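Asker: Structure file protein_24.cif (mmCIF, C-alpha atoms) right here:
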```
data_upload
#
loop_
_atom_site.group_PDB
_atom_site.id
_atom_site.type_symbol
_atom_site.label_atom_id
_atom_site.label_comp_id
_atom_site.auth_asym_id
_atom_site.auth_seq_id
_atom_site.Cartn_x
_atom_site.Cartn_y
_atom_site.Cartn_z
ATOM 1 C CA ALA N 209 0.000 0.000 0.000
ATOM 2 C CA PHE N 210 2.851 2.374 0.841
ATOM 3 C CA ALA N 211 4.693 1.664 -2.432
ATOM 4 C CA THR N 212 1.687 2.299 -4.635
ATOM 5 C CA GLY N 213 0.080 5.163 -2.748
ATOM 6 C CA ALA N 214 -3.026 2.990 -2.269
ATOM 7 C CA ASP N 215 -6.221 4.483 -3.600
ATOM 8 C CA PHE N 216 -8.307 4.413 -0.399
ATOM 9 C CA SER N 217 -9.779 7.863 -0.982
ATOM 10 C CA VAL N 218 -9.803 8.031 -4.779
ATOM 11 C CA SER N 219 -12.713 5.682 -5.496
ATOM 12 C CA GLY N 220 -14.192 2.326 -4.637
ATOM 13 C CA ARG N 221 -13.179 1.035 -8.037
ATOM 14 C CA ALA N 222 -9.549 2.103 -7.535
ATOM 15 C CA PHE N 223 -9.513 0.453 -4.114
ATOM 16 C CA ALA N 224 -10.978 -2.726 -5.643
ATOM 17 C CA GLY N 225 -8.121 -2.612 -8.163
ATOM 18 C CA ASP N 226 -5.642 -2.402 -5.287
ATOM 19 C CA LEU N 227 -7.265 -5.449 -3.662
ATOM 20 C CA LEU N 228 -7.022 -7.345 -6.954
ATOM 21 C CA ALA N 229 -3.333 -6.425 -7.136
ATOM 22 C CA VAL N 230 -2.761 -7.825 -3.638
ATOM 23 C CA ALA N 231 -4.604 -11.021 -4.590
ATOM 24 C CA GLY N 232 -2.502 -11.244 -7.750
ATOM 25 C CA GLY N 233 0.652 -10.926 -5.661
ATOM 26 C CA MET N 234 -0.476 -13.724 -3.365
ATOM 27 C CA PHE N 235 -1.217 -15.991 -6.314
ATOM 28 C CA ALA N 236 2.171 -15.137 -7.832
ATOM 29 C CA ALA N 237 3.844 -16.248 -4.598
ATOM 30 C CA ILE N 238 1.889 -19.519 -4.637
ATOM 31 C CA TYR N 239 2.778 -20.053 -8.298
ATOM 32 C CA THR N 240 6.458 -19.441 -7.532
ATOM 33 C CA ALA N 241 6.446 -21.819 -4.551
ATOM 34 C CA PHE N 242 4.861 -24.592 -6.624
ATOM 35 C CA GLY N 243 7.270 -23.779 -9.452
ATOM 36 C CA GLU N 244 10.249 -24.270 -7.145
ATOM 37 C CA ARG N 245 9.018 -27.773 -6.318
ATOM 38 C CA ALA N 246 8.196 -28.676 -9.920
ATOM 39 C CA ARG N 247 11.475 -27.376 -11.298
ATOM 40 C CA VAL N 248 13.397 -29.988 -9.291
ATOM 41 C CA SER N 249 12.370 -32.645 -11.799
ATOM 42 C CA VAL N 250 10.795 -30.820 -14.775
ATOM 43 C CA SER N 251 12.630 -28.845 -17.480
ATOM 44 C CA THR N 252 11.948 -25.153 -17.999
ATOM 45 C CA ALA N 253 10.479 -25.811 -21.451
ATOM 46 C CA THR N 254 8.078 -28.468 -20.182
ATOM 47 C CA TYR N 255 7.092 -26.468 -17.103
ATOM 48 C CA THR N 256 6.435 -23.245 -19.008
ATOM 49 C CA THR N 257 4.578 -25.032 -21.804
ATOM 50 C CA VAL N 258 2.219 -26.707 -19.330
ATOM 51 C CA CYS N 259 1.755 -23.564 -17.189
ATOM 52 C CA TYR N 260 1.258 -21.157 -20.063
ATOM 53 C CA GLY N 261 -0.989 -23.601 -21.919
ATOM 54 C CA VAL N 262 -3.261 -24.170 -18.915
ATOM 55 C CA CYS N 263 -3.385 -20.436 -18.146
ATOM 56 C CA SER N 264 -4.203 -19.642 -21.780
ATOM 57 C CA LEU N 265 -7.100 -22.079 -21.767
ATOM 58 C CA ILE N 266 -8.447 -20.717 -18.476
ATOM 59 C CA LEU N 267 -8.156 -17.157 -19.792
ATOM 60 C CA LEU N 268 -9.956 -18.131 -23.001
ATOM 61 C CA VAL N 269 -12.824 -19.688 -21.028
ATOM 62 C CA VAL N 270 -13.076 -16.607 -18.770
ATOM 63 C CA CYS N 271 -13.075 -14.279 -21.799
ATOM 64 C CA LEU N 272 -15.726 -16.323 -23.599
ATOM 65 C CA ALA N 273 -17.893 -16.552 -20.462
ATOM 66 C CA GLY N 274 -17.519 -12.809 -19.873
ATOM 67 C CA GLY N 275 -18.272 -11.873 -23.458
ATOM 68 C CA VAL N 276 -14.869 -10.255 -23.953
ATOM 69 C CA ARG N 277 -14.148 -9.419 -27.578
ATOM 70 C CA LEU N 278 -11.167 -11.431 -28.898
ATOM 71 C CA THR N 279 -11.067 -10.268 -32.531
ATOM 72 C CA GLY N 280 -11.302 -7.124 -34.624
ATOM 73 C CA PHE N 281 -8.244 -5.329 -33.241
ATOM 74 C CA ASP N 282 -6.025 -3.191 -35.451
ATOM 75 C CA GLY N 283 -2.463 -4.143 -36.383
ATOM 76 C CA GLY N 284 -0.889 -1.891 -33.749
ATOM 77 C CA THR N 285 -2.898 -3.559 -30.999
ATOM 78 C CA TRP N 286 -1.861 -7.026 -32.181
ATOM 79 C CA LEU N 287 1.787 -5.919 -32.259
ATOM 80 C CA ALA N 288 1.469 -4.645 -28.684
ATOM 81 C CA ILE N 289 -0.081 -7.957 -27.604
ATOM 82 C CA LEU N 290 2.692 -9.912 -29.338
ATOM 83 C CA ALA N 291 5.333 -7.700 -27.705
ATOM 84 C CA LEU N 292 3.811 -8.349 -24.274
ATOM 85 C CA VAL N 293 3.719 -12.097 -24.921
ATOM 86 C CA ALA N 294 7.296 -12.194 -26.219
ATOM 87 C CA GLY N 295 8.799 -9.788 -23.704
ATOM 88 C CA ALA N 296 6.947 -10.041 -20.424
ATOM 89 C CA GLN N 297 5.736 -13.619 -20.664
ATOM 90 C CA LEU N 298 8.203 -15.653 -22.717
ATOM 91 C CA LEU N 299 11.340 -13.789 -21.678
ATOM 92 C CA GLY N 300 10.450 -12.376 -18.262
ATOM 93 C CA HIS N 301 8.399 -15.082 -16.604
ATOM 94 C CA SER N 302 10.304 -17.886 -18.314
ATOM 95 C CA MET N 303 13.531 -16.505 -16.826
ATOM 96 C CA PHE N 304 11.948 -16.587 -13.365
ATOM 97 C CA ASN N 305 10.884 -20.196 -13.979
ATOM 98 C CA TYR N 306 14.386 -21.052 -15.185
ATOM 99 C CA ALA N 307 15.890 -19.466 -12.065
ATOM 100 C CA LEU N 308 13.695 -21.544 -9.738
ATOM 101 C CA ARG N 309 15.965 -24.546 -10.254
ATOM 102 C CA ARG N 310 18.911 -22.597 -8.799
ATOM 103 C CA VAL N 311 17.411 -19.842 -6.636
ATOM 104 C CA SER N 312 14.876 -20.139 -3.814
ATOM 105 C CA ALA N 313 11.252 -19.259 -4.462
ATOM 106 C CA THR N 314 11.517 -16.597 -1.754
ATOM 107 C CA THR N 315 14.343 -14.814 -3.570
ATOM 108 C CA VAL N 316 12.593 -15.085 -6.943
ATOM 109 C CA SER N 317 9.358 -13.732 -5.414
ATOM 110 C CA VAL N 318 11.213 -10.800 -3.903
ATOM 111 C CA LEU N 319 12.927 -10.077 -7.231
ATOM 112 C CA ILE N 320 9.515 -10.054 -8.919
ATOM 113 C CA LEU N 321 8.739 -7.030 -6.728
ATOM 114 C CA LEU N 322 11.148 -5.081 -8.948
ATOM 115 C CA GLU N 323 8.356 -4.986 -11.529
ATOM 116 C CA ALA N 324 6.763 -2.047 -9.652
ATOM 117 C CA PRO N 325 9.765 0.317 -9.676
ATOM 118 C CA GLY N 326 10.697 -0.988 -13.126
ATOM 119 C CA ALA N 327 7.252 -0.079 -14.454
ATOM 120 C CA ALA N 328 7.532 3.342 -12.787
ATOM 121 C CA LEU N 329 10.901 3.886 -14.466
ATOM 122 C CA ILE N 330 9.600 2.801 -17.873
ATOM 123 C CA GLY N 331 6.532 5.034 -17.424
ATOM 124 C CA TRP N 332 8.790 7.980 -16.632
ATOM 125 C CA VAL N 333 11.319 7.433 -19.444
ATOM 126 C CA TRP N 334 8.983 6.197 -22.167
ATOM 127 C CA LEU N 335 5.707 7.949 -21.377
ATOM 128 C CA GLY N 336 6.837 10.962 -19.352
ATOM 129 C CA GLN N 337 4.654 9.881 -16.429
ATOM 130 C CA LEU N 338 5.959 10.181 -12.906
ATOM 131 C CA PRO N 339 4.548 8.165 -9.998
ATOM 132 C CA ARG N 340 2.561 10.123 -7.425
ATOM 133 C CA PRO N 341 4.920 11.748 -4.903
ATOM 134 C CA LEU N 342 3.340 9.681 -2.101
ATOM 135 C CA ALA N 343 4.459 6.498 -3.903
ATOM 136 C CA LEU N 344 8.164 7.446 -4.106
ATOM 137 C CA PRO N 345 9.085 6.621 -0.481
ATOM 138 C CA GLY N 346 7.318 3.277 -0.839
ATOM 139 C CA LEU N 347 9.176 2.472 -4.049
ATOM 140 C CA ALA N 348 12.467 3.355 -2.328
ATOM 141 C CA LEU N 349 11.530 1.119 0.617
ATOM 142 C CA LEU N 350 10.677 -1.688 -1.790
ATOM 143 C CA LEU N 351 14.071 -1.351 -3.523
ATOM 144 C CA ALA N 352 15.851 -1.361 -0.161
ATOM 145 C CA GLY N 353 13.977 -4.493 0.886
ATOM 146 C CA VAL N 354 14.932 -6.295 -2.319
ATOM 147 C CA VAL N 355 18.583 -5.364 -1.777
ATOM 148 C CA VAL N 356 18.488 -6.639 1.827
ATOM 149 C CA VAL N 357 16.981 -10.004 0.797
ATOM 150 C CA VAL N 358 19.284 -10.522 -2.182
ATOM 151 C CA LEU N 359 22.438 -9.576 -0.243
ATOM 152 C CA GLY N 360 21.311 -11.680 2.720
ATOM 153 C CA THR N 361 20.775 -14.659 0.432
ATOM 154 C CA ALA N 362 24.148 -14.117 -1.234
ATOM 155 C CA ARG N 363 25.814 -14.214 2.199
ATOM 156 C CA GLY N 364 24.129 -17.490 2.999
ATOM 157 C CA CYS N 365 21.351 -16.203 5.250
ATOM 158 C CA PRO N 366 18.153 -18.257 4.919
ATOM 159 C CA SER N 367 15.517 -16.767 2.653
#
```
Step by step, read the file and then write its structure as structure tokens.
Answerer:
Amino acid sequence: AFATGADFSVSGRAFAGDLLAVAGGMFAAIYTAFGERARVSVSTATYTTVCYGVCSLILLVVCLAGGVRLTGFDGGTWLAILALVAGAQLLGHSMFNYALRRVSATTVSVLILLEAPGAALIGWVWLGQLPRPLALPGLALLLAGVVVVVLGTARGCPS
């Protein structure tokens, strides 16, 4: 809440979005913990193929049940979707899954937290958008926490 400048007073919808983000973070931690166990005996290619395939099917069912339009987008939108799939999913998340064979799920989960300041940096450089001033101390605290965990793990402290 401190890192994002939680939207308690902005609107109920914004607050609901914050709650969904927290739920997403919890599910990401569960996914990473299960991934650590699976990666002991399953290759990255097999693990990611199964995970991404199952998630794609679930997403398709949810979209069809919710009446979400899946066609009729312009070329620029399809390029953006392909860029997200190639960059964030295939490169980003697959690297986390690859790392789970060598790095603890705790460390990987903490490193995933870098997505928030990374997105803020990209938004600033690419889109000229700065985070709200109230979010800056939280982002700094988040970065400090990641450094503490990663350095502690590197020194052999349990994660």
Asker: Please expand the PyMOL selection byres ((chain N and resi 307) around 12) into the concrete residues it hits in this file, giving the result as a list in words.
Answerer: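 With the PyMOL selection byres ((chain N and resi 307) around 12) on this model, the match is Thr240, Gly243, Glu244, Arg247, Val248, Ser251, Thr252, Gly300, His301, Ser302, Met303, Phe304, Asn305, Tyr306, Leu308, Arg309, Arg310, Val311, Ser312, Ala313, Thr314, Thr315, Val316, Ser317, Leu319 and Ile320 of chain N.
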Asker: To one decimal place, how far is atom CA of N:Gly326 from atom CA of N:Leu350 in Å?
Answerer: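 These atoms are spaced 11.4 Å apart.
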Asker: Can you give me, as a list of chain:residue names, the residues this file yields under the PyMOL selection byres ((chain N and resi 354-358) around 8)?
Answerer: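 Expected selection for the PyMOL selection byres ((chain N and resi 354-358) around 8) here is N:Thr315, N:Val318, N:Leu319, N:Leu321, N:Leu322, N:Leu350, N:Leu351, N:Ala352, N:Gly353, N:Leu359, N:Gly360, N:Thr361, N:Ala362, N:Ser367.
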Asker: Quick check, in Å to one decimal: how far apart do atom CA of N:Tyr260 and atom CA of N:Glu323 lie?
Answerer: 19.6 Å
